[in-house]
file protein_19.cif (mmCIF, C-alpha atoms)
data_entry
#
loop_
_atom_site.label_atom_id
_atom_site.label_comp_id
_atom_site.auth_asym_id
_atom_site.auth_seq_id
_atom_site.Cartn_x
_atom_site.Cartn_y
_atom_site.Cartn_z
CA MET A 1 2.20 -15.46 -4.39
CA THR A 2 2.29 -15.73 -8.16
CA GLN A 3 -0.87 -16.02 -10.24
CA PRO A 4 -0.99 -19.82 -10.95
CA PRO A 5 -0.91 -21.00 -7.29
CA LEU A 6 -3.27 -18.18 -6.31
CA THR A 7 -5.75 -19.32 -8.96
CA ARG A 8 -5.49 -22.92 -7.72
CA GLN A 9 -6.09 -21.83 -4.12
CA ILE A 10 -9.17 -19.85 -5.13
CA GLN A 11 -10.54 -22.76 -7.17
CA SER A 12 -9.98 -25.15 -4.24
CA LEU A 13 -11.84 -22.76 -1.93
CA GLU A 14 -14.71 -22.45 -4.41
CA ASP A 15 -14.91 -26.26 -4.69
CA LEU A 16 -14.94 -26.58 -0.91
CA LEU A 17 -17.72 -24.00 -0.45
CA GLY A 18 -19.74 -25.20 -3.42
CA HIS A 19 -20.19 -21.86 -5.17
CA SER A 20 -18.21 -19.31 -7.16
CA LEU A 21 -16.52 -16.44 -5.34
CA PHE A 22 -15.43 -14.50 -8.43
CA SER A 23 -17.14 -13.60 -11.65
CA ARG A 24 -14.59 -13.87 -14.44
CA THR A 25 -14.71 -12.51 -17.96
CA THR A 26 -11.98 -11.94 -20.50
CA HIS A 27 -11.87 -8.31 -19.36
CA GLU A 28 -12.23 -8.31 -15.58
CA VAL A 29 -12.57 -10.24 -12.33
CA THR A 30 -15.13 -9.19 -9.72
CA LEU A 31 -16.53 -10.65 -6.51
CA THR A 32 -19.85 -12.48 -6.66
CA ASP A 33 -22.48 -11.98 -3.95
CA SER A 34 -21.15 -15.15 -2.29
CA GLY A 35 -17.63 -13.74 -2.51
CA ARG A 36 -18.62 -10.50 -0.82
CA ALA A 37 -20.44 -12.40 1.90
CA LEU A 38 -17.38 -14.57 2.50
CA VAL A 39 -15.13 -11.49 2.80
CA ALA A 40 -17.37 -10.07 5.54
CA LYS A 41 -17.38 -13.39 7.44
CA ALA A 42 -13.62 -13.86 7.03
CA GLU A 43 -12.89 -10.36 8.33
CA ALA A 44 -15.08 -11.04 11.38
CA ILE A 45 -13.23 -14.31 12.05
CA LEU A 46 -9.81 -12.63 11.72
CA THR A 47 -10.90 -9.83 14.06
CA ALA A 48 -12.07 -12.36 16.65
CA LEU A 49 -8.88 -14.39 16.27
CA ASN A 50 -6.78 -11.27 16.70
CA ALA A 51 -8.68 -10.37 19.88
CA LEU A 52 -8.18 -13.90 21.21
CA LYS A 53 -4.42 -13.70 20.63
CA GLN A 54 -4.26 -10.33 22.36
CA ASP A 55 -6.16 -11.65 25.39
CA ALA A 56 -3.67 -14.52 25.62
CA GLN A 57 -0.64 -12.19 25.79
CA PRO A 58 0.44 -9.83 28.57
CA ALA A 59 -0.64 -6.30 27.67
CA ALA A 60 2.88 -4.96 28.08
CA ALA A 61 4.18 -7.36 25.43
CA ARG A 62 1.79 -6.19 22.75
CA LEU A 63 2.18 -3.38 20.30
CA ARG A 64 -0.87 -2.24 18.40
CA ILE A 65 0.64 -1.42 15.03
CA GLY A 66 -1.25 -0.15 12.01
CA LEU A 67 0.10 -0.24 8.46
CA THR A 68 -0.88 1.83 5.47
CA ARG A 69 -2.68 -0.28 2.88
CA THR A 70 -0.69 1.49 0.16
CA LEU A 71 2.29 -0.88 0.59
CA ASN A 72 2.81 -4.62 0.85
CA PHE A 73 5.09 -4.79 3.89
CA GLU A 74 5.61 -8.54 3.52
CA LEU A 75 7.70 -7.78 0.42
CA ILE A 76 9.80 -5.13 2.17
CA SER A 77 11.95 -7.73 3.89
CA PRO A 78 14.12 -5.67 6.30
CA LEU A 79 11.14 -3.70 7.55
CA ASN A 80 9.02 -6.83 7.84
CA ARG A 81 11.75 -8.44 9.98
CA GLN A 82 11.85 -5.40 12.25
CA LEU A 83 8.10 -5.51 12.75
CA ALA A 84 8.29 -9.20 13.60
CA ALA A 85 10.97 -8.42 16.19
CA PHE A 86 8.47 -6.20 18.02
CA HIS A 87 6.23 -9.26 18.57
CA ALA A 88 3.78 -7.46 16.35
CA SER A 89 3.61 -9.65 13.26
CA ASP A 90 0.37 -11.28 14.46
CA GLU A 91 -0.95 -8.10 16.04
CA MET A 92 -1.23 -5.85 13.01
CA GLU A 93 -4.50 -4.05 13.56
CA MET A 94 -6.26 -2.43 10.63
CA PRO A 95 -3.42 -2.98 8.13
CA ARG A 96 -5.62 -1.95 5.22
CA LEU A 97 -6.42 1.61 6.31
CA THR A 98 -5.41 4.75 4.47
CA SER A 99 -2.81 7.00 6.07
CA PRO A 100 -5.42 9.56 7.28
CA GLN A 101 -7.45 6.76 8.87
CA LEU A 102 -4.35 5.41 10.60
CA LEU A 103 -3.59 8.85 12.01
CA GLN A 104 -7.13 9.12 13.33
CA SER A 105 -6.79 5.72 15.03
CA LEU A 106 -3.48 6.79 16.54
CA ALA A 107 -4.99 10.02 17.89
CA LYS A 108 -7.89 8.06 19.41
CA ASN A 109 -5.44 5.67 21.13
CA SER A 110 -6.72 2.73 19.10
CA LEU A 111 -3.16 2.12 17.85
CA ASP A 112 0.27 2.61 19.44
CA LEU A 113 2.40 3.03 16.33
CA ILE A 114 1.63 3.39 12.64
CA LEU A 115 3.56 3.24 9.41
CA THR A 116 2.18 5.84 7.04
CA GLY A 117 2.98 7.02 3.54
CA GLU A 118 4.19 10.63 3.94
CA LYS A 119 3.67 12.76 7.02
CA GLY A 120 0.20 13.88 7.95
CA SER A 121 -0.77 17.48 8.58
CA ASP A 122 -0.57 16.98 12.34
CA THR A 123 2.00 19.08 14.17
CA GLU A 124 4.85 17.60 16.17
CA GLU A 125 2.92 18.69 19.27
CA THR A 126 0.43 15.86 18.74
CA ILE A 127 2.25 13.30 16.56
CA LYS A 128 5.92 12.34 16.59
CA TYR A 129 7.30 11.15 13.24
CA ALA A 130 10.43 9.22 12.28
CA TRP A 131 11.47 8.53 8.68
CA VAL A 132 11.76 4.80 7.99
CA TYR A 133 11.90 3.94 4.30
CA ARG A 134 11.52 5.25 0.76
CA GLU A 135 9.33 3.11 -1.49
CA PRO A 136 9.99 3.45 -5.24
CA LEU A 137 7.09 3.81 -7.65
CA LEU A 138 6.81 1.82 -10.86
CA ILE A 139 4.61 2.51 -13.86
CA ALA A 140 2.05 -0.14 -14.77
CA ILE A 141 1.52 0.18 -18.52
CA PRO A 142 0.15 -1.85 -21.43
CA SER A 143 2.94 -4.05 -22.79
CA ALA A 144 1.82 -3.10 -26.29
CA HIS A 145 2.57 0.59 -25.69
CA PRO A 146 5.73 1.90 -27.41
CA ALA A 147 7.09 3.18 -24.08
CA SER A 148 7.24 -0.38 -22.72
CA VAL A 149 10.50 -1.04 -24.59
CA ALA A 150 12.31 1.73 -22.69
CA GLU A 151 14.49 0.83 -19.71
CA ARG A 152 13.02 3.79 -17.81
CA VAL A 153 9.75 5.46 -18.75
CA SER A 154 8.90 9.16 -18.57
CA LEU A 155 5.37 10.33 -17.89
CA GLU A 156 5.50 12.47 -21.03
CA ALA A 157 5.85 9.27 -23.08
CA LEU A 158 2.44 8.15 -21.79
CA ALA A 159 0.54 11.36 -22.48
CA ASP A 160 -1.71 9.52 -24.95
CA LEU A 161 -3.08 7.37 -22.10
CA PRO A 162 -5.13 8.48 -19.08
CA LEU A 163 -3.61 8.11 -15.63
CA PHE A 164 -5.63 6.08 -13.11
CA TRP A 165 -5.52 8.42 -10.13
CA PHE A 166 -6.68 8.34 -6.52
CA ALA A 167 -8.74 10.83 -4.52
CA ARG A 168 -6.79 13.46 -2.62
CA SER A 169 -8.54 12.50 0.61
CA ALA A 170 -6.76 9.12 0.60
CA ASN A 171 -3.37 10.77 1.20
CA PRO A 172 -3.33 14.59 0.82
CA LEU A 173 0.43 15.03 1.32
CA PHE A 174 1.44 12.44 -1.25
CA TYR A 175 -1.25 13.59 -3.67
CA ASP A 176 0.00 17.17 -3.50
CA LYS A 177 3.62 16.08 -3.92
CA CYS A 178 2.74 14.21 -7.10
CA GLU A 179 0.61 17.04 -8.44
CA ARG A 180 3.48 19.49 -7.98
CA TYR A 181 5.66 17.24 -10.12
CA PHE A 182 2.93 16.76 -12.73
CA ALA A 183 2.72 20.56 -13.06
CA THR A 184 6.36 20.66 -14.21
CA LEU A 185 5.77 18.29 -17.13
CA SER A 186 5.69 19.50 -20.71
CA VAL A 187 2.34 17.75 -21.22
CA SER A 188 -0.95 17.64 -19.33
CA LEU A 189 -1.86 14.24 -17.96
CA LYS A 190 -5.42 13.05 -18.46
CA ARG A 191 -6.90 11.50 -15.30
CA VAL A 192 -9.53 8.87 -14.69
CA ARG A 193 -10.79 7.70 -11.31
CA GLU A 194 -8.83 4.79 -9.88
CA PRO A 195 -11.12 1.77 -9.29
CA ASP A 196 -11.39 0.49 -5.73
CA ASP A 197 -10.39 -2.95 -7.03
CA SER A 198 -6.72 -2.79 -8.07
CA LEU A 199 -7.03 -6.02 -10.08
CA LEU A 200 -9.79 -4.42 -12.13
CA MET A 201 -7.56 -1.41 -12.75
CA LEU A 202 -4.67 -3.61 -13.87
CA SER A 203 -7.03 -5.50 -16.16
CA HIS A 204 -8.01 -2.20 -17.78
CA ILE A 205 -4.34 -1.30 -18.19
CA ALA A 206 -3.59 -4.65 -19.83
CA ARG A 207 -6.27 -3.79 -22.40
CA GLY A 208 -4.63 -0.44 -23.15
CA LYS A 209 -7.13 1.70 -21.22
CA GLY A 210 -4.59 3.71 -19.22
CA PHE A 211 -1.58 3.53 -16.90
CA ALA A 212 -0.93 3.80 -13.18
CA LEU A 213 1.80 4.70 -10.71
CA MET A 214 2.17 1.88 -8.19
CA PRO A 215 4.40 1.19 -5.18
CA GLN A 216 7.06 -1.34 -6.07
CA SER A 217 5.90 -3.76 -3.35
CA LYS A 218 2.42 -3.81 -4.88
CA CYS A 219 3.59 -4.74 -8.40
CA THR A 220 3.08 -8.48 -8.00
CA PHE A 221 0.09 -9.19 -10.25
CA ASN A 222 0.99 -10.55 -13.68
CA GLN A 223 -1.35 -10.64 -16.67
CA ALA A 224 -0.95 -10.86 -20.42
CA GLY A 225 -0.74 -7.35 -21.84
CA LEU A 226 0.53 -5.79 -18.59
CA CYS A 227 4.07 -4.78 -17.62
CA TYR A 228 5.83 -2.69 -14.98
CA ARG A 229 8.65 -0.27 -15.72
CA PRO A 230 10.83 2.05 -13.56
CA LEU A 231 10.38 5.80 -13.82
CA THR A 232 13.06 8.08 -15.21
CA GLU A 233 15.63 9.14 -12.59
CA ASP A 234 14.15 12.60 -12.00
CA ALA A 235 10.61 11.30 -11.64
CA ALA A 236 11.73 8.41 -9.43
CA GLN A 237 13.41 10.82 -7.01
CA GLN A 238 10.40 13.10 -6.72
CA LEU A 239 7.54 10.61 -6.77
CA ALA A 240 8.78 7.96 -4.31
CA ILE A 241 6.73 7.37 -1.17
CA ASP A 242 8.49 8.36 2.05
CA VAL A 243 7.29 6.05 4.80
CA TYR A 244 7.22 7.33 8.37
CA ALA A 245 6.66 5.66 11.70
CA ALA A 246 4.44 7.76 13.94
CA ILE A 247 3.41 7.68 17.59
CA ARG A 248 1.56 10.07 19.86
CA ALA A 249 3.80 12.91 21.01
CA ASP A 250 2.89 12.26 24.66
CA GLU A 251 3.56 8.50 24.42
CA LYS A 252 5.07 7.08 27.64
CA ASN A 253 5.02 3.33 26.92
CA GLU A 254 8.67 2.32 26.73
CA ALA A 255 7.96 -0.53 24.31
CA VAL A 256 6.41 1.92 21.86
CA LEU A 257 9.26 4.41 22.27
CA ASN A 258 11.82 1.64 21.73
CA ALA A 259 10.02 0.50 18.58
CA LEU A 260 10.15 4.02 17.16
CA ARG A 261 13.86 4.28 17.98
CA GLU A 262 14.58 0.92 16.34
CA LEU A 263 12.75 1.90 13.17
CA SER A 264 14.47 5.29 12.93
CA HIS A 265 17.97 4.30 14.11
CA PRO A 266 20.56 5.19 11.43
CA GLY A 267 22.06 1.73 11.66
CA ASN A 268 18.69 0.22 10.86
CA ALA A 269 17.71 2.60 8.07
CA ILE A 270 16.14 0.64 5.27
CA LYS A 271 17.25 1.59 1.80
CA SER A 272 14.86 1.38 -1.10
CA ALA A 273 15.51 -1.36 -3.61
#
call {"tool": "encode", "arguments": {"input": "protein_19.cif", "output": "structure tokens"}}
result
Amino acid sequence: MTQPPLTRQIQSLEDLLGHSLFSRTTHEVTLTDSGRALVAKAEAILTALNALKQDAQPAAARLRIGLTRTLNFELISPLNRQLAAFHASDEMEMPRLTSPQLLQSLAKNSLDLILTGEKGSDTEETIKYAWVYREPLLIAIPSAHPASVAERVSLEALADLPLFWFARSANPLFYDKCERYFATLSVSLKRVREPDDSLLMLSHIARGKGFALMPQSKCTFNQAGLCYRPLTEDAAQQLAIDVYAAIRADEKNEAVLNALRELSHPGNAIKSA
């Protein structure tokens, strides 16, 4: 959804409820106390609705699928269609978890199949992986920065800005892959902690406070002063997110095994945009 209709939907919801859900300034947008309370209630309603749908379906027809919150799978059309074909589009449990959290849920048998950014540290004796998709990264930068006029942007060109960066615990394998590439650069990148609220981070970037590396499917928010640019070829090859489907190595459910085969079948391999 683009920004204008999203804003109208939020305003309509605020009018309906009779109080503001967001606190807005010229620099940032944050949830009000009422907004945070509504989030908690909405999540409880969605959880209950999901449980009701599951109870209404035969157990054998359901797949408990978890998705990494790093990507917006609705904008990865071929993969989204495959997930829908598994009768799982309304059964996505915990779609906003980090990859390590998804792996923990899989190990505990809370999920049947997960889509995770990069492989975890688990051995093939416990988790079976299948490569599914490579998600390109884009650079979110201030549109006033000189590098914004380039067709492809190198990280060296942004050395005067700090990089908004995530904690290693969120995805150790991807973090380490990026850090290995950063070590080959001719400059040292300054880092600042990535805010939990991505809209707040993008607002900071629009005001020239830094830059960020973002999955292509997440680059949907538009704001004055903000732009997205592709990485240089070398950086794009080394910093893309490899997405894997994963199941338990001892999985016997044929529906789960078929789903993994469908996702990893060469004929169904999804190419990055």
call {"tool": "atom_distance", "arguments": {"input": "protein_19.cif", "atom1": "atom CA of A:Lys41", "atom2": "atom CA of A:Cys219"}}
result
27.7 Å
call {"tool": "residues_around", "arguments": {"input": "protein_19.cif", "residues": "A:Gly117", "least_positions_apart": "6", "cutoff": "7 Å", "atoms": "only C-alpha atoms", "output": "list in words"}}
result
Thr68, Ser99, Ile241, Asp242, Val243 and Tyr244 of chain A
call {"tool": "resolve_selection", "arguments": {"input": "protein_19.cif", "expression": "the PyMOL selection byres ((chain A and resi 187) around 8)", "output": "PDB file with C-alpha atoms, keeping the file's coordinate frame"}}
result
ATOM      1  CA  GLU A 156       5.500  12.470 -21.030  1.00  0.00           C
ATOM      2  CA  ALA A 159       0.540  11.360 -22.480  1.00  0.00           C
ATOM      3  CA  LEU A 185       5.770  18.290 -17.130  1.00  0.00           C
ATOM      4  CA  SER A 186       5.690  19.500 -20.710  1.00  0.00           C
ATOM      5  CA  SER A 188      -0.950  17.640 -19.330  1.00  0.00           C
ATOM      6  CA  LEU A 189      -1.860  14.240 -17.960  1.00  0.00           C
TER       7      LEU A 189
END
call {"tool": "atom_distance", "arguments": {"input": "protein_19.cif", "atom1": "atom CA of A:Val153", "atom2": "atom CA of A:Thr232"}}
result
5.5 Å
call {"tool": "resolve_selection", "arguments": {"input": "protein_19.cif", "expression": "the PyMOL selection byres ((chain A and resi 116) around 10)", "output": "number ranges by chain"}}
result
A: 66-71, 97-103, 113-115, 117-120, 129, 131-132, 171, 241-246
call {"tool": "closest_residue", "arguments": {"input": "protein_19.cif", "among": "A:Thr25, A:Ile247, A:Ile65, A:Leu231", "to": "A:Ser154", "atoms": "all atoms listed in the file"}}
result
A:Leu231
call {"tool": "closest_residue", "arguments": {"input": "protein_19.cif", "among": "A:Pro195, A:Pro5, A:Pro78, A:Pro230", "to": "A:Ala147", "atoms": "all atoms listed in the file"}}
result
A:Pro230
call {"tool": "closest_residue", "arguments": {"input": "protein_19.cif", "among": "A:Ala107, A:Tyr181, A:Phe221, A:Glu251", "to": "A:Thr7", "atoms": "only C-alpha atoms"}}
result
A:Phe221
call {"tool": "atom_distance", "arguments": {"input": "protein_19.cif", "atom1": "atom CA of A:Glu125", "atom2": "atom CA of A:Gln82"}}
result
26.6 Å
call {"tool": "closest_residue", "arguments": {"input": "protein_19.cif", "among": "A:Glu179, A:Glu151, A:Leu52, A:Ala130", "to": "A:Arg248", "atoms": "all atoms listed in the file"}}
result
A:Ala130
call {"tool": "resolve_selection", "arguments": {"input": "protein_19.cif", "expression": "the PyMOL selection byres ((chain A and resi 76) around 10)", "output": "MDAnalysis selection string"}}
result
chainID A and resid 71:75 77:81 133 135 216:217 270 272:273
call {"tool": "closest_residue", "arguments": {"input": "protein_19.cif", "among": "A:Leu257, A:Ala140, A:Leu239, A:Cys227", "to": "A:Met201", "atoms": "all atoms listed in the file"}}
result
A:Ala140
call {"tool": "closest_residue", "arguments": {"input": "protein_19.cif", "among": "A:Ser143, A:Thr30, A:Ser110, A:Gln104", "to": "A:Gly210", "atoms": "only C-alpha atoms"}}
result
A:Ser143
call {"tool": "residues_around", "arguments": {"input": "protein_19.cif", "residues": "A:Glu194", "least_positions_apart": "5", "cutoff": "8 Å", "atoms": "all atoms listed in the file", "output": "JSON, numbers by chain"}}
result
{"A": [164, 165, 166, 201]}
call {"tool": "residues_around", "arguments": {"input": "protein_19.cif", "residues": "A:Ala249", "least_positions_apart": "4", "cutoff": "6 Å", "atoms": "only C-alpha atoms", "output": "list in words"}}
result
Thr126, Ile127 and Lys128 of chain A
call {"tool": "axis_aligned_box", "arguments": {"input": "protein_19.cif", "around": "stretch 27-37 of chain A", "padding_each_side": "6 Å", "output": "AutoDock Vina command-line options"}}
result
--center_x -17.2 --center_y -11.7 --center_z -8.7 --size_x 22.6 --size_y 18.8 --size_z 33.3
call {"tool": "residues_around", "arguments": {"input": "protein_19.cif", "residues": "A:Ile139", "least_positions_apart": "3", "cutoff": "6 Å", "atoms": "all atoms listed in the file", "output": "count of residues only"}}
result
4
call {"tool": "decode", "arguments": {"input": "protein_19.cif", "residues": "stretch 100-115 of chain A", "atoms": "N, CA, C and O atoms", "output": "PDB file, in the first residue's frame"}}
result
ATOM      1  N   PRO A 100      16.415 -16.796  13.987  1.00  0.00           N
ATOM      2  CA  PRO A 100      16.706 -17.674  15.124  1.00  0.00           C
ATOM      3  C   PRO A 100      15.448 -18.092  15.882  1.00  0.00           C
ATOM      4  O   PRO A 100      15.326 -19.244  16.315  1.00  0.00           O
ATOM      5  N   GLN A 101      14.500 -17.186  16.036  1.00  0.00           N
ATOM      6  CA  GLN A 101      13.254 -17.528  16.726  1.00  0.00           C
ATOM      7  C   GLN A 101      12.443 -18.542  15.933  1.00  0.00           C
ATOM      8  O   GLN A 101      11.825 -19.450  16.507  1.00  0.00           O
ATOM      9  N   LEU A 102      12.435 -18.410  14.610  1.00  0.00           N
ATOM     10  CA  LEU A 102      11.737 -19.382  13.772  1.00  0.00           C
ATOM     11  C   LEU A 102      12.355 -20.765  13.913  1.00  0.00           C
ATOM     12  O   LEU A 102      11.649 -21.777  13.994  1.00  0.00           O
ATOM     13  N   LEU A 103      13.677 -20.821  13.938  1.00  0.00           N
ATOM     14  CA  LEU A 103      14.358 -22.108  14.088  1.00  0.00           C
ATOM     15  C   LEU A 103      14.047 -22.746  15.433  1.00  0.00           C
ATOM     16  O   LEU A 103      13.886 -23.970  15.530  1.00  0.00           O
ATOM     17  N   GLN A 104      13.943 -21.933  16.467  1.00  0.00           N
ATOM     18  CA  GLN A 104      13.578 -22.461  17.779  1.00  0.00           C
ATOM     19  C   GLN A 104      12.165 -23.033  17.760  1.00  0.00           C
ATOM     20  O   GLN A 104      11.912 -24.112  18.312  1.00  0.00           O
ATOM     21  N   SER A 105      11.247 -22.323  17.100  1.00  0.00           N
ATOM     22  CA  SER A 105       9.866 -22.805  17.001  1.00  0.00           C
ATOM     23  C   SER A 105       9.792 -24.100  16.202  1.00  0.00           C
ATOM     24  O   SER A 105       9.010 -25.000  16.521  1.00  0.00           O
ATOM     25  N   LEU A 106      10.604 -24.192  15.156  1.00  0.00           N
ATOM     26  CA  LEU A 106      10.643 -25.416  14.355  1.00  0.00           C
ATOM     27  C   LEU A 106      11.162 -26.580  15.188  1.00  0.00           C
ATOM     28  O   LEU A 106      10.591 -27.677  15.166  1.00  0.00           O
ATOM     29  N   ALA A 107      12.216 -26.361  15.946  1.00  0.00           N
ATOM     30  CA  ALA A 107      12.799 -27.416  16.780  1.00  0.00           C
ATOM     31  C   ALA A 107      11.822 -27.881  17.859  1.00  0.00           C
ATOM     32  O   ALA A 107      11.817 -29.060  18.234  1.00  0.00           O
ATOM     33  N   LYS A 108      10.988 -26.960  18.343  1.00  0.00           N
ATOM     34  CA  LYS A 108      10.017 -27.295  19.395  1.00  0.00           C
ATOM     35  C   LYS A 108       8.728 -27.876  18.822  1.00  0.00           C
ATOM     36  O   LYS A 108       7.778 -28.105  19.578  1.00  0.00           O
ATOM     37  N   ASN A 109       8.662 -28.044  17.499  1.00  0.00           N
ATOM     38  CA  ASN A 109       7.477 -28.582  16.826  1.00  0.00           C
ATOM     39  C   ASN A 109       6.287 -27.636  16.911  1.00  0.00           C
ATOM     40  O   ASN A 109       5.139 -28.066  16.836  1.00  0.00           O
ATOM     41  N   SER A 110       6.567 -26.335  17.050  1.00  0.00           N
ATOM     42  CA  SER A 110       5.497 -25.344  17.009  1.00  0.00           C
ATOM     43  C   SER A 110       5.165 -24.953  15.569  1.00  0.00           C
ATOM     44  O   SER A 110       4.101 -24.413  15.300  1.00  0.00           O
ATOM     45  N   LEU A 111       6.111 -25.206  14.651  1.00  0.00           N
ATOM     46  CA  LEU A 111       5.935 -24.936  13.236  1.00  0.00           C
ATOM     47  C   LEU A 111       6.369 -26.159  12.442  1.00  0.00           C
ATOM     48  O   LEU A 111       7.198 -26.949  12.918  1.00  0.00           O
ATOM     49  N   ASP A 112       5.816 -26.306  11.233  1.00  0.00           N
ATOM     50  CA  ASP A 112       6.178 -27.430  10.363  1.00  0.00           C
ATOM     51  C   ASP A 112       7.263 -27.058   9.365  1.00  0.00           C
ATOM     52  O   ASP A 112       8.116 -27.883   9.029  1.00  0.00           O
ATOM     53  N   LEU A 113       7.198 -25.829   8.877  1.00  0.00           N
ATOM     54  CA  LEU A 113       8.127 -25.369   7.839  1.00  0.00           C
ATOM     55  C   LEU A 113       8.348 -23.876   8.043  1.00  0.00           C
ATOM     56  O   LEU A 113       7.409 -23.147   8.366  1.00  0.00           O
ATOM     57  N   ILE A 114       9.576 -23.436   7.851  1.00  0.00           N
ATOM     58  CA  ILE A 114       9.869 -22.010   7.980  1.00  0.00           C
ATOM     59  C   ILE A 114      10.630 -21.518   6.758  1.00  0.00           C
ATOM     60  O   ILE A 114      11.280 -22.297   6.062  1.00  0.00           O
ATOM     61  N   LEU A 115      10.511 -20.240   6.504  1.00  0.00           N
ATOM     62  CA  LEU A 115      11.328 -19.573   5.501  1.00  0.00           C
ATOM     63  C   LEU A 115      12.208 -18.585   6.240  1.00  0.00           C
ATOM     64  O   LEU A 115      11.710 -17.659   6.881  1.00  0.00           O
TER      65      LEU A 115
END
